[in-house]
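As stored in work_35.txt (compact mmCIF, C-alpha atoms):
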```txt
# COMPACT_ATOMS: atom_id res chain seq x y z
CA MET B 1 -14.26 -66.52 62.30
CA PRO B 2 -11.21 -66.73 60.05
CA ASP B 3 -8.74 -63.92 60.26
CA SER B 4 -8.88 -62.10 56.94
CA ARG B 5 -5.36 -60.86 57.57
CA ALA B 6 -3.83 -64.25 57.94
CA PRO B 7 -0.30 -64.39 56.49
CA ASP B 8 -1.51 -66.29 53.45
CA ALA B 9 -3.77 -63.35 52.56
CA PHE B 10 -0.86 -60.93 52.35
CA PRO B 11 0.49 -60.22 48.87
CA ARG B 12 3.86 -61.75 48.13
CA ASP B 13 4.91 -58.93 45.85
CA TRP B 14 3.64 -55.64 44.54
CA GLY B 15 2.30 -57.23 41.38
CA GLU B 16 0.11 -59.50 43.44
CA ALA B 17 -1.02 -56.58 45.58
CA PHE B 18 -1.99 -54.55 42.51
CA ALA B 19 -3.68 -57.51 40.88
CA ALA B 20 -5.82 -57.98 43.97
CA LEU B 21 -7.34 -54.52 43.58
CA PRO B 22 -10.91 -54.88 42.38
CA PRO B 23 -11.64 -53.77 38.83
CA GLU B 24 -13.36 -50.43 38.56
CA THR B 25 -16.86 -50.08 37.19
CA PRO B 26 -17.17 -47.78 34.19
CA PRO B 27 -20.16 -45.48 33.69
CA ALA B 28 -23.27 -47.44 32.83
CA ASP B 29 -24.02 -45.40 29.72
CA GLY B 30 -20.61 -46.01 28.18
CA TRP B 31 -21.80 -48.21 25.34
CA GLN B 32 -24.70 -45.91 24.57
CA ARG B 33 -22.38 -42.91 24.33
CA LEU B 34 -19.97 -44.84 22.17
CA ALA B 35 -22.69 -46.15 19.87
CA GLU B 36 -23.75 -42.58 19.17
CA ARG B 37 -20.24 -41.78 18.00
CA LEU B 38 -19.89 -44.81 15.79
CA PRO B 39 -20.56 -44.49 12.09
CA PRO B 40 -23.57 -46.26 10.61
CA PRO B 41 -23.11 -50.02 10.66
CA ALA B 42 -22.75 -50.51 6.91
CA LYS B 43 -19.20 -51.58 6.16
CA ALA B 44 -19.01 -49.71 2.88
CA GLN B 45 -19.95 -46.48 4.56
CA SER B 46 -17.30 -46.97 7.19
CA ARG B 47 -14.71 -47.49 4.54
CA SER B 48 -15.81 -44.44 2.60
CA MET B 49 -15.39 -42.36 5.73
CA ALA B 50 -11.88 -43.66 6.15
CA SER B 51 -11.02 -42.88 2.56
CA TRP B 52 -12.41 -39.38 2.97
CA ARG B 53 -10.47 -38.77 6.13
CA ARG B 54 -7.03 -39.25 4.64
CA PRO B 55 -7.20 -36.50 1.99
CA ALA B 56 -8.76 -34.20 4.55
CA LEU B 57 -5.92 -34.91 6.92
CA ALA B 58 -3.39 -34.38 4.21
CA LEU B 59 -4.96 -31.00 3.46
CA ALA B 60 -4.96 -30.12 7.15
CA ALA B 61 -1.33 -31.19 7.44
CA ALA B 62 -0.42 -29.05 4.45
CA LEU B 63 -2.10 -26.04 6.04
CA VAL B 64 -0.25 -26.69 9.28
CA LEU B 65 3.03 -26.89 7.41
CA LEU B 66 2.34 -23.54 5.77
CA ALA B 67 1.64 -22.09 9.17
CA VAL B 68 4.76 -23.48 10.82
CA VAL B 69 7.27 -22.54 8.13
CA PRO B 70 8.29 -19.45 10.14
CA PHE B 71 9.40 -21.79 12.92
CA ALA B 72 12.14 -23.21 10.74
CA ARG B 73 14.46 -20.65 12.30
CA TRP B 74 13.94 -21.96 15.76
CA PRO B 75 17.34 -22.49 17.44
CA THR B 76 18.57 -25.93 16.60
CA THR B 77 21.33 -26.40 19.14
CA PRO B 78 20.06 -26.21 22.69
CA ALA B 79 22.47 -26.61 25.56
CA VAL B 80 21.32 -30.10 26.46
CA HIS B 81 22.05 -31.32 22.99
CA GLU B 82 25.79 -31.46 23.18
CA GLY B 83 27.25 -34.14 20.98
CA ALA B 84 24.07 -34.75 19.06
CA PRO B 85 23.78 -34.10 15.35
CA PRO B 86 22.13 -30.81 14.43
CA PRO B 87 18.38 -31.21 14.34
CA ALA B 88 16.98 -31.42 10.87
CA THR B 89 14.14 -28.93 10.70
CA ALA B 90 13.33 -30.26 7.26
CA ALA B 91 12.38 -33.50 8.90
CA VAL B 92 9.01 -32.01 9.70
CA GLN B 93 8.24 -31.85 6.04
CA ASP B 94 9.76 -35.25 5.41
CA ALA B 95 7.74 -37.12 7.94
CA PRO B 96 7.23 -40.74 6.97
CA ALA B 97 3.88 -41.92 5.78
CA SER B 98 3.38 -43.71 9.04
CA VAL B 99 3.24 -40.39 10.81
CA THR B 100 1.54 -38.17 8.30
CA GLY B 101 -0.99 -40.80 7.54
CA SER B 102 -2.04 -41.35 11.08
CA THR B 103 -5.20 -39.95 12.48
CA PRO B 104 -4.64 -36.79 14.51
CA GLY B 105 -4.26 -37.81 18.08
CA ASP B 106 -3.85 -41.32 16.95
CA ALA B 107 -2.36 -43.42 19.66
CA MET B 108 -2.58 -46.71 17.88
CA PRO B 109 0.15 -49.16 18.68
CA SER B 110 0.79 -49.76 15.04
CA PRO B 111 -0.77 -46.99 12.98
CA ALA B 112 1.26 -47.82 9.93
CA SER B 113 0.66 -51.50 9.92
CA ALA B 114 -0.54 -51.28 6.36
CA THR B 115 2.76 -49.76 5.31
CA GLN B 116 5.02 -51.81 7.50
CA GLY B 117 5.10 -54.82 5.36
CA ASP B 118 5.81 -57.87 7.42
CA ALA B 119 6.30 -56.12 10.70
CA PRO B 120 3.98 -57.57 13.30
CA LEU B 121 1.04 -55.43 14.12
CA ILE B 122 2.01 -55.21 17.72
CA ALA B 123 4.03 -57.24 20.01
CA VAL B 124 3.94 -55.29 23.16
CA ASN B 125 1.31 -57.20 24.66
CA THR B 126 2.59 -60.19 26.37
CA PRO B 127 3.37 -59.54 29.98
CA ALA B 128 6.37 -61.82 29.83
CA PRO B 129 9.29 -59.44 29.86
CA ALA B 130 11.70 -62.04 28.59
CA ALA B 131 9.89 -62.57 25.32
CA ASP B 132 12.09 -60.63 22.97
CA THR B 133 9.57 -60.56 20.17
CA ALA B 134 7.00 -59.14 22.51
CA LEU B 135 8.61 -55.77 22.89
CA PRO B 136 6.51 -52.82 21.79
CA ALA B 137 9.09 -50.91 19.86
CA THR B 138 12.65 -51.10 18.78
CA MET B 139 13.84 -48.35 21.05
CA PRO B 140 13.22 -50.32 24.22
CA ARG B 141 14.55 -53.47 22.56
CA ARG B 142 17.71 -51.59 21.74
CA ALA B 143 17.97 -50.03 25.14
CA ALA B 144 17.32 -53.37 26.72
CA SER B 145 20.36 -54.88 25.17
CA PRO B 146 22.72 -55.81 27.97
CA SER B 147 25.65 -54.96 25.79
CA ARG B 148 24.47 -51.45 25.17
CA SER B 149 26.60 -49.82 27.79
CA VAL B 150 29.74 -51.73 26.94
CA ALA B 151 29.50 -52.18 23.21
CA ARG B 152 28.97 -48.68 22.00
CA THR B 153 31.38 -48.34 19.16
CA GLY B 154 31.58 -46.23 16.05
CA ALA B 155 28.32 -45.26 14.43
CA GLY B 156 26.34 -47.26 16.96
CA ALA B 157 27.75 -45.26 19.83
CA ALA B 158 27.12 -41.99 18.07
CA ASP B 159 23.59 -43.07 17.32
CA ALA B 160 22.99 -44.05 20.93
CA ASP B 161 24.42 -40.75 22.16
CA ALA B 162 22.25 -38.85 19.72
CA LEU B 163 19.19 -40.74 20.94
CA ASP B 164 20.06 -40.06 24.56
CA ALA B 165 20.39 -36.37 23.78
CA LEU B 166 17.05 -36.41 21.99
CA TYR B 167 15.36 -38.20 24.92
CA ALA B 168 16.75 -35.58 27.28
CA GLU B 169 15.75 -32.64 25.13
CA SER B 170 12.32 -34.08 24.53
CA ALA B 171 11.75 -34.46 28.26
CA GLN B 172 13.07 -30.97 28.89
CA LEU B 173 10.76 -29.42 26.30
CA GLU B 174 7.79 -31.29 27.72
CA ALA B 175 8.71 -29.94 31.15
CA VAL B 176 8.88 -26.41 29.77
CA LEU B 177 5.49 -26.82 28.11
CA SER B 178 3.95 -28.16 31.27
CA HIS B 179 5.12 -25.14 33.25
CA LEU B 180 3.72 -22.54 30.88
CA PRO B 181 0.73 -20.83 32.46
CA GLU B 182 -2.70 -21.33 31.01
CA PRO B 183 -3.23 -18.74 28.29
CA GLY B 184 -6.69 -17.65 29.39
CA VAL B 185 -8.22 -15.86 26.41
CA ALA B 186 -6.21 -17.02 23.44
CA ASP B 187 -6.10 -16.52 19.73
CA ALA B 188 -8.12 -19.18 17.95
CA ALA B 189 -5.54 -19.64 15.20
CA ALA B 190 -2.75 -20.09 17.72
CA LEU B 191 -4.84 -22.58 19.65
CA ALA B 192 -5.55 -24.51 16.46
CA LEU B 193 -1.87 -24.50 15.60
CA SER B 194 -0.97 -25.74 19.07
CA ALA B 195 -3.54 -28.47 18.78
CA SER B 196 -2.18 -29.49 15.38
CA LEU B 197 1.35 -29.70 16.72
CA GLN B 198 0.18 -31.72 19.70
CA GLU B 199 -1.58 -34.08 17.34
CA ARG B 200 1.61 -34.35 15.40
CA VAL B 201 3.54 -35.30 18.51
CA ALA B 202 0.89 -37.93 19.20
CA GLY B 203 1.27 -39.26 15.67
CA ILE B 204 5.03 -39.48 16.07
CA ASP B 205 4.57 -41.24 19.41
CA ALA B 206 2.31 -43.74 17.73
CA ALA B 207 4.91 -44.30 15.02
CA LEU B 208 7.57 -44.81 17.69
CA SER B 209 5.47 -47.53 19.24
CA GLN B 210 5.79 -49.70 16.18
CA PRO B 211 7.64 -52.93 16.64
CA ARG B 212 10.90 -53.55 14.83
CA LEU B 213 11.41 -49.95 13.84
CA PRO B 214 14.87 -49.60 12.25
CA ALA B 215 17.34 -47.66 14.37
CA GLY B 216 17.72 -44.95 11.75
CA ALA B 217 13.99 -44.44 11.45
CA ARG B 218 13.71 -44.32 15.22
CA THR B 219 16.33 -41.61 15.48
CA ASP B 220 14.60 -39.66 12.71
CA LEU B 221 11.28 -39.91 14.50
CA TRP B 222 12.82 -38.75 17.77
CA GLN B 223 14.40 -35.86 15.91
CA GLN B 224 11.00 -34.97 14.47
CA ARG B 225 9.49 -35.21 17.92
CA VAL B 226 12.02 -32.78 19.32
CA ASP B 227 11.58 -30.41 16.36
CA THR B 228 7.82 -30.47 16.76
CA LEU B 229 8.08 -29.89 20.51
CA ARG B 230 10.33 -26.92 19.82
CA GLN B 231 7.75 -25.50 17.47
CA LEU B 232 5.03 -26.13 20.00
CA THR B 233 7.07 -24.41 22.68
CA GLY B 234 7.60 -21.48 20.32
CA VAL B 235 3.91 -21.21 19.53
CA GLN B 236 2.80 -21.44 23.12
CA THR B 237 5.46 -19.08 24.42
CA THR B 238 4.60 -16.52 21.76
CA GLN B 239 0.95 -16.94 22.57
CA ARG B 240 1.59 -16.09 26.24
CA TRP B 241 3.79 -13.20 25.20
CA GLN B 242 1.07 -11.78 22.96
CA ILE B 243 -1.50 -12.05 25.70
CA ALA B 244 0.82 -10.49 28.27
CA TYR B 245 1.57 -7.56 26.00
CA ARG B 246 -1.93 -7.37 24.55
CA ASP B 247 -0.54 -7.79 21.07
CA ASP B 248 -3.78 -8.84 19.49
CA GLY B 249 -3.37 -7.43 16.02
CA PRO B 250 -5.04 -9.19 13.12
CA SER B 251 -1.93 -11.07 12.03
CA SER B 252 -0.21 -11.42 15.37
CA ASP B 253 -0.54 -15.19 15.41
CA THR B 254 1.73 -15.62 12.45
CA THR B 255 4.13 -12.71 12.59
CA ILE B 256 6.10 -13.38 15.73
CA TYR B 257 8.18 -16.50 15.96
CA MET N 1 3.71 -62.40 37.57
CA PRO N 2 -0.04 -61.82 37.97
CA ARG N 3 -2.07 -61.92 34.81
CA SER N 4 -3.19 -58.62 33.38
CA GLN N 5 -6.89 -57.93 33.70
CA PHE N 6 -6.80 -57.54 29.95
CA ALA N 7 -5.83 -61.15 29.40
CA ILE N 8 -9.24 -62.21 28.11
CA ASP N 9 -9.47 -64.63 25.24
CA VAL N 10 -11.69 -63.44 22.44
CA PRO N 11 -13.03 -65.93 19.89
CA GLU N 12 -11.55 -65.33 16.48
CA THR N 13 -15.00 -65.41 14.94
CA LEU N 14 -16.10 -62.55 17.15
CA VAL N 15 -13.17 -60.41 16.06
CA THR N 16 -13.79 -61.33 12.44
CA ARG N 17 -17.42 -60.31 12.68
CA ALA N 18 -16.51 -57.05 14.38
CA ARG N 19 -13.91 -56.37 11.70
CA ALA N 20 -16.57 -56.91 9.10
CA GLY N 21 -18.57 -54.12 10.67
CA CYS N 22 -20.98 -56.13 12.81
CA ARG N 23 -22.11 -53.71 15.50
CA GLU N 24 -23.40 -56.47 17.74
CA ALA N 25 -20.05 -58.24 17.69
CA PHE N 26 -18.25 -55.01 18.47
CA GLY N 27 -20.65 -54.46 21.33
CA GLN N 28 -19.69 -57.82 22.76
CA ILE N 29 -16.03 -56.92 22.57
CA TYR N 30 -16.79 -53.62 24.28
CA ARG N 31 -18.56 -55.41 27.12
CA ARG N 32 -15.68 -57.80 27.63
CA PHE N 33 -13.06 -55.09 27.85
CA GLU N 34 -14.78 -52.01 29.23
CA ARG N 35 -13.75 -52.78 32.80
CA PRO N 36 -10.07 -53.54 32.12
CA VAL N 37 -9.78 -50.45 29.93
CA PHE N 38 -11.55 -48.24 32.44
CA THR N 39 -9.53 -49.63 35.34
CA LEU N 40 -6.23 -49.10 33.54
CA ALA N 41 -7.26 -45.57 32.53
CA LEU N 42 -8.32 -44.76 36.07
CA ARG N 43 -5.06 -46.06 37.54
CA ILE N 44 -3.05 -43.96 35.10
CA CYS N 45 -5.17 -40.80 34.93
CA GLY N 46 -6.37 -40.80 38.52
CA ASP N 47 -9.90 -39.51 37.96
CA ARG N 48 -13.07 -41.09 36.69
CA GLU N 49 -13.99 -38.44 34.17
CA ALA N 50 -10.67 -38.73 32.38
CA ALA N 51 -10.85 -42.51 32.58
CA SER N 52 -14.30 -42.45 31.04
CA ASP N 53 -13.01 -40.32 28.18
CA VAL N 54 -10.10 -42.67 27.68
CA LEU N 55 -12.48 -45.62 27.55
CA GLN N 56 -14.53 -43.89 24.88
CA ASP N 57 -11.53 -42.82 22.82
CA THR N 58 -9.91 -46.24 23.11
CA MET N 59 -13.00 -48.05 21.93
CA LEU N 60 -13.61 -45.57 19.15
CA LYS N 61 -10.05 -46.04 17.98
CA LEU N 62 -10.44 -49.78 18.25
CA PHE N 63 -13.51 -49.65 16.07
CA HIS N 64 -11.82 -47.60 13.37
CA HIS N 65 -8.62 -49.65 13.38
CA LEU N 66 -10.08 -53.12 13.72
CA PRO N 67 -9.55 -53.77 9.99
CA ASP N 68 -5.82 -53.28 10.64
CA PHE N 69 -5.70 -56.07 13.22
CA ARG N 70 -4.02 -59.02 11.61
CA GLY N 71 -4.36 -61.52 14.38
CA ASP N 72 -0.69 -62.42 14.74
CA SER N 73 -0.68 -61.27 18.35
CA PRO N 74 -3.26 -61.56 21.14
CA PHE N 75 -6.22 -59.29 20.62
CA TRP N 76 -6.26 -58.24 24.25
CA GLY N 77 -2.65 -57.11 24.06
CA TRP N 78 -3.37 -55.03 20.99
CA LEU N 79 -6.32 -53.38 22.70
CA ARG N 80 -4.32 -52.85 25.89
CA GLN N 81 -1.67 -51.04 23.92
CA ILE N 82 -4.27 -48.69 22.49
CA ALA N 83 -5.66 -48.06 25.97
CA VAL N 84 -2.23 -47.35 27.48
CA ASN N 85 -1.39 -44.95 24.66
CA GLU N 86 -4.70 -43.16 25.04
CA ALA N 87 -4.35 -42.84 28.81
CA LEU N 88 -0.81 -41.48 28.53
CA LEU N 89 -1.93 -39.15 25.75
CA ARG N 90 -4.60 -37.81 28.06
CA LEU N 91 -2.03 -37.19 30.80
CA ARG N 92 0.20 -35.46 28.28
CA ARG N 93 -2.59 -33.23 27.06
CA ASP N 94 -3.45 -32.34 30.63
CA LYS N 95 0.24 -31.61 31.21
CA ARG N 96 0.34 -34.13 34.03
CA LEU N 97 2.73 -36.61 32.51
CA VAL N 98 5.70 -34.63 33.79
CA THR N 99 4.46 -34.76 37.36
CA GLU N 100 6.75 -37.24 39.00
CA ILE N 101 8.87 -37.77 42.09
CA ALA N 102 11.85 -35.68 41.15
CA VAL N 103 14.38 -36.48 43.84
CA ASP N 104 15.19 -39.28 46.18
CA GLU N 105 13.53 -38.67 49.50
CA ASP N 106 15.40 -39.30 52.68
CA GLY N 107 13.70 -41.17 55.43
CA LEU N 108 11.64 -43.40 53.22
CA PRO N 109 11.78 -47.10 53.94
CA VAL N 110 13.97 -49.23 51.74
CA ASP N 111 11.96 -51.47 49.46
CA ASP N 112 12.82 -55.12 49.89
CA GLY N 113 10.28 -56.24 47.31
CA LEU N 114 7.81 -57.51 49.86
CA PRO N 115 4.77 -55.24 50.23
CA PRO N 116 3.71 -54.33 53.77
CA PRO N 117 0.68 -56.18 55.15
CA ALA N 118 -1.43 -53.06 54.64
CA ALA N 119 -1.08 -53.56 50.89
CA ALA N 120 -3.65 -56.32 51.24
CA ASP N 121 -6.22 -53.66 52.10
CA ALA N 122 -7.57 -52.61 48.71
CA ALA N 123 -8.93 -49.28 49.93
CA LEU N 124 -5.65 -48.33 51.59
CA LEU N 125 -3.59 -49.37 48.61
CA GLN N 126 -5.85 -47.52 46.23
CA ARG N 127 -5.67 -44.36 48.30
CA ALA N 128 -1.91 -44.60 48.48
CA LEU N 129 -1.68 -45.06 44.73
CA ASP N 130 -3.94 -42.09 44.13
CA SER N 131 -1.64 -39.86 46.14
CA LEU N 132 1.35 -40.59 43.90
CA PRO N 133 2.24 -38.21 41.05
CA PRO N 134 0.66 -39.38 37.77
CA ALA N 135 3.88 -40.31 35.99
CA THR N 136 5.13 -42.26 38.99
CA ARG N 137 1.82 -44.01 39.41
CA SER N 138 1.76 -44.88 35.72
CA VAL N 139 5.21 -46.45 35.91
CA LEU N 140 4.25 -48.48 38.97
CA TRP N 141 1.03 -49.71 37.41
CA LEU N 142 2.51 -50.56 34.03
CA TYR N 143 5.41 -52.40 35.65
CA HIS N 144 3.72 -54.24 38.50
CA ALA N 145 0.18 -54.77 37.26
CA GLU N 146 0.65 -55.02 33.50
CA GLY N 147 4.09 -56.56 33.40
CA TYR N 148 5.77 -54.08 31.07
CA THR N 149 9.54 -53.85 31.18
CA HIS N 150 11.42 -50.64 31.91
CA GLU N 151 12.36 -50.43 28.25
CA GLU N 152 8.75 -50.79 27.18
CA ILE N 153 7.60 -48.20 29.71
CA ALA N 154 10.31 -45.85 28.52
CA ALA N 155 9.06 -46.17 24.95
CA LEU N 156 5.44 -45.67 25.97
CA MET N 157 6.20 -42.60 28.06
CA GLN N 158 8.83 -41.24 25.68
CA ARG N 159 11.42 -41.25 28.44
CA THR N 160 14.50 -43.29 29.24
CA PRO N 161 14.64 -46.67 30.94
CA SER N 162 16.53 -44.92 33.75
CA PHE N 163 13.52 -42.70 34.29
CA SER N 164 11.29 -45.74 34.58
CA LYS N 165 13.66 -47.42 37.02
CA SER N 166 14.06 -44.37 39.23
CA GLN N 167 10.31 -43.70 39.33
CA LEU N 168 9.65 -47.33 40.17
CA SER N 169 12.14 -47.22 43.02
CA ARG N 170 11.02 -43.87 44.41
CA GLY N 171 7.35 -44.61 43.90
CA THR N 172 7.56 -48.00 45.57
CA ARG N 173 9.36 -46.51 48.56
CA ARG N 174 6.79 -43.78 48.92
CA LEU N 175 3.99 -46.28 48.54
CA ARG N 176 5.54 -48.34 51.30
CA ALA N 177 5.74 -45.26 53.52
CA LEU N 178 2.12 -44.38 52.79
CA LEU N 179 1.05 -47.87 53.73
CA ARG N 180 3.01 -47.93 56.95
CA ILE N 181 0.43 -48.35 59.65
CA GLU N 182 1.21 -47.67 63.25
CA GLU N 183 0.71 -50.77 65.33
CA PRO N 184 -1.98 -50.18 67.92
CA ALA N 185 -0.57 -49.78 71.41
CA HIS N 186 -1.43 -52.66 73.68
CA ALA N 187 -2.48 -51.92 77.20
```

Translate the structure described by the file into structure tokens.
Amino acid sequence: MPDSRAPDAFPRDWGEAFAALPPETPPADGWQRLAERLPPPAKAQSRSMASWRRPALALAAALVLLAVVPFARWPTTPAVHEGAPPPATAAVQDAPASVTGSTPGDAMPSPASATQGDAPLIAVNTPAPAADTALPATMPRRAASPSRSVARTGAGAADADALDALYAESAQLEAVLSHLPEPGVADAAALALSASLQERVAGIDAALSQPRLPAGARTDLWQQRVDTLRQLTGVQTTQRWQIAYRDDGPSSDTTIY
Amino acid sequence: MPRSQFAIDVPETLVTRARAGCREAFGQIYRRFERPVFTLALRICGDREAASDVLQDTMLKLFHHLPDFRGDSPFWGWLRQIAVNEALLRLRRDKRLVTEIAVDEDGLPVDDGLPPPAAADAALLQRALDSLPPATRSVLWLYHAEGYTHEEIAALMQRTPSFSKSQLSRGTRRLRALLRIEEPAHA
């Protein structure tokens, strides 16, 4: 009987070991569940749904903006942000079409492909790391540049420093959010606002995944991400505070920020 | 570099029909990719329920955005990107994306790139992977199994390439330790 653990059977690297894992079997009713969620097959109807969704989203976004205006006074210079330009709170209102136009929770690799002109839809997909055009977004392409650490000069260096500060603050805010306790019984409006802001972060993430994103646009998007995370932190912190102090007045969800 | 499980060629005519709204064609695409999507989601999320949701959301998103696919890149890569984004989004919503190996651990074996023999045991390797923090496991899977670069992983996870590198190093060392099997004592 052959030894199944003969040396030839051992993986030569971790990639080979992972690739040898058997694929998992999804639930058998997956297609049936999906088919129930799909719109009727007629193409025209599908298109009409899409055209209806955008104005509805725009309206929802406008309502969210009205609700988050009080957050504009959120502190804009956290300790980790040394050396970075002051965050532009107005950027939330000035989000590019690629972000505002994306479906809430949209995690598409290229949600704004229709507005990106000649930018390739995606290019993340080839496993070959050396293929420069196959990078998913400009941020990694930029960071991947071997000259990054030695050729930071002038505006480029400032931009890179600003991005580094934004990465750090973004990660810190996500860590803060993750450590907030579950709210238990929560105000429905605050929950909806939190959900809207989370969707917004997802939309920004989707926009950041676009290939060949100009450096300036990338920095703006990261700034918007940090601003939105700050707002989200404010909302969720206030929510916990209200619950802890039983401040459940009729307008409590919008008066304290 | 092993090929991604997603690397499945799809006839252009099938994509075209699905883009035109043909439910049967979309069903065929679903069948081709449900296992790679589910497997990727399970590796990243760590539980079947979440992976099942990710599969549903990924395919629903695929359906709605198929008209945007222009065909200048492989279809499977485009779909994989949607799946990765959805899986990471799920981790983020569950507040598990920040769960990572935070510090270097002393006493862990140095990784020389060569997996231990126990890595050939699928059940052992799977169990070891499951015991890693979600963010660390995601980095390992995206790097080793899907072939993403540190820069790409950083962009996907909204972190820095340094984060990806450190998680890969720490995660691989811990994986190696988890797979370390005591040699049976010979009489």

(request) Excluding segment 139-143 of chain N and any residue of its chain fewer than 5 positions from it, enumerate the residues within 8 Å of it, using only C-alpha atoms, and give them as a VMD selection string. (result) (chain B and resid 18) or (chain N and resid 43 to 44 148 to 150 153 164 167 to 168 171 to 172)

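Take the candidates N:Phe69, N:Met59, N:Arg174, N:Arg3 and check each one against Leu129 of chain N using only C-alpha atoms; the shortest distance goes to N:Arg174.
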
(message) I'd like the neighbourhood of Ala25 of chain N as a VMD selection string, where a residue qualifies if any of its atoms comes within 12 Å (using all atoms listed in the file), though same-chain residues fewer than 2 positions away should be ignored.
(response) (chain B and resid 41) or (chain N and resid 10 to 23 27 to 32 63 66)

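Of note, atom CA of Glu100 of chain N and atom CA of Pro134 of chain N are spaced 6.6 Å apart.
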
(message) Please determine, counting all atoms listed in the file, which residue among N:Ala119, N:Ile8, N:Leu132, N:Leu175 has the shortest atom-to-atom distance to chain B.
(response) N:Ala119

(request) Go ahead and compute the interatomic distance for atom CA of Leu97 of chain N and atom CA of Leu193 of chain B, in Å to one decimal. (result) 21.3 Å

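Minimum atom-to-atom distances from N:Leu91, N:Ala145, N:Ala41, N:Asp130 to chain B were compared using all atoms listed in the file, and the lowest value belongs to N:Ala145.
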
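Going from atom CA of Ala7 of chain N over to atom CA of Arg137 of chain N, you cover 21.3 Å.
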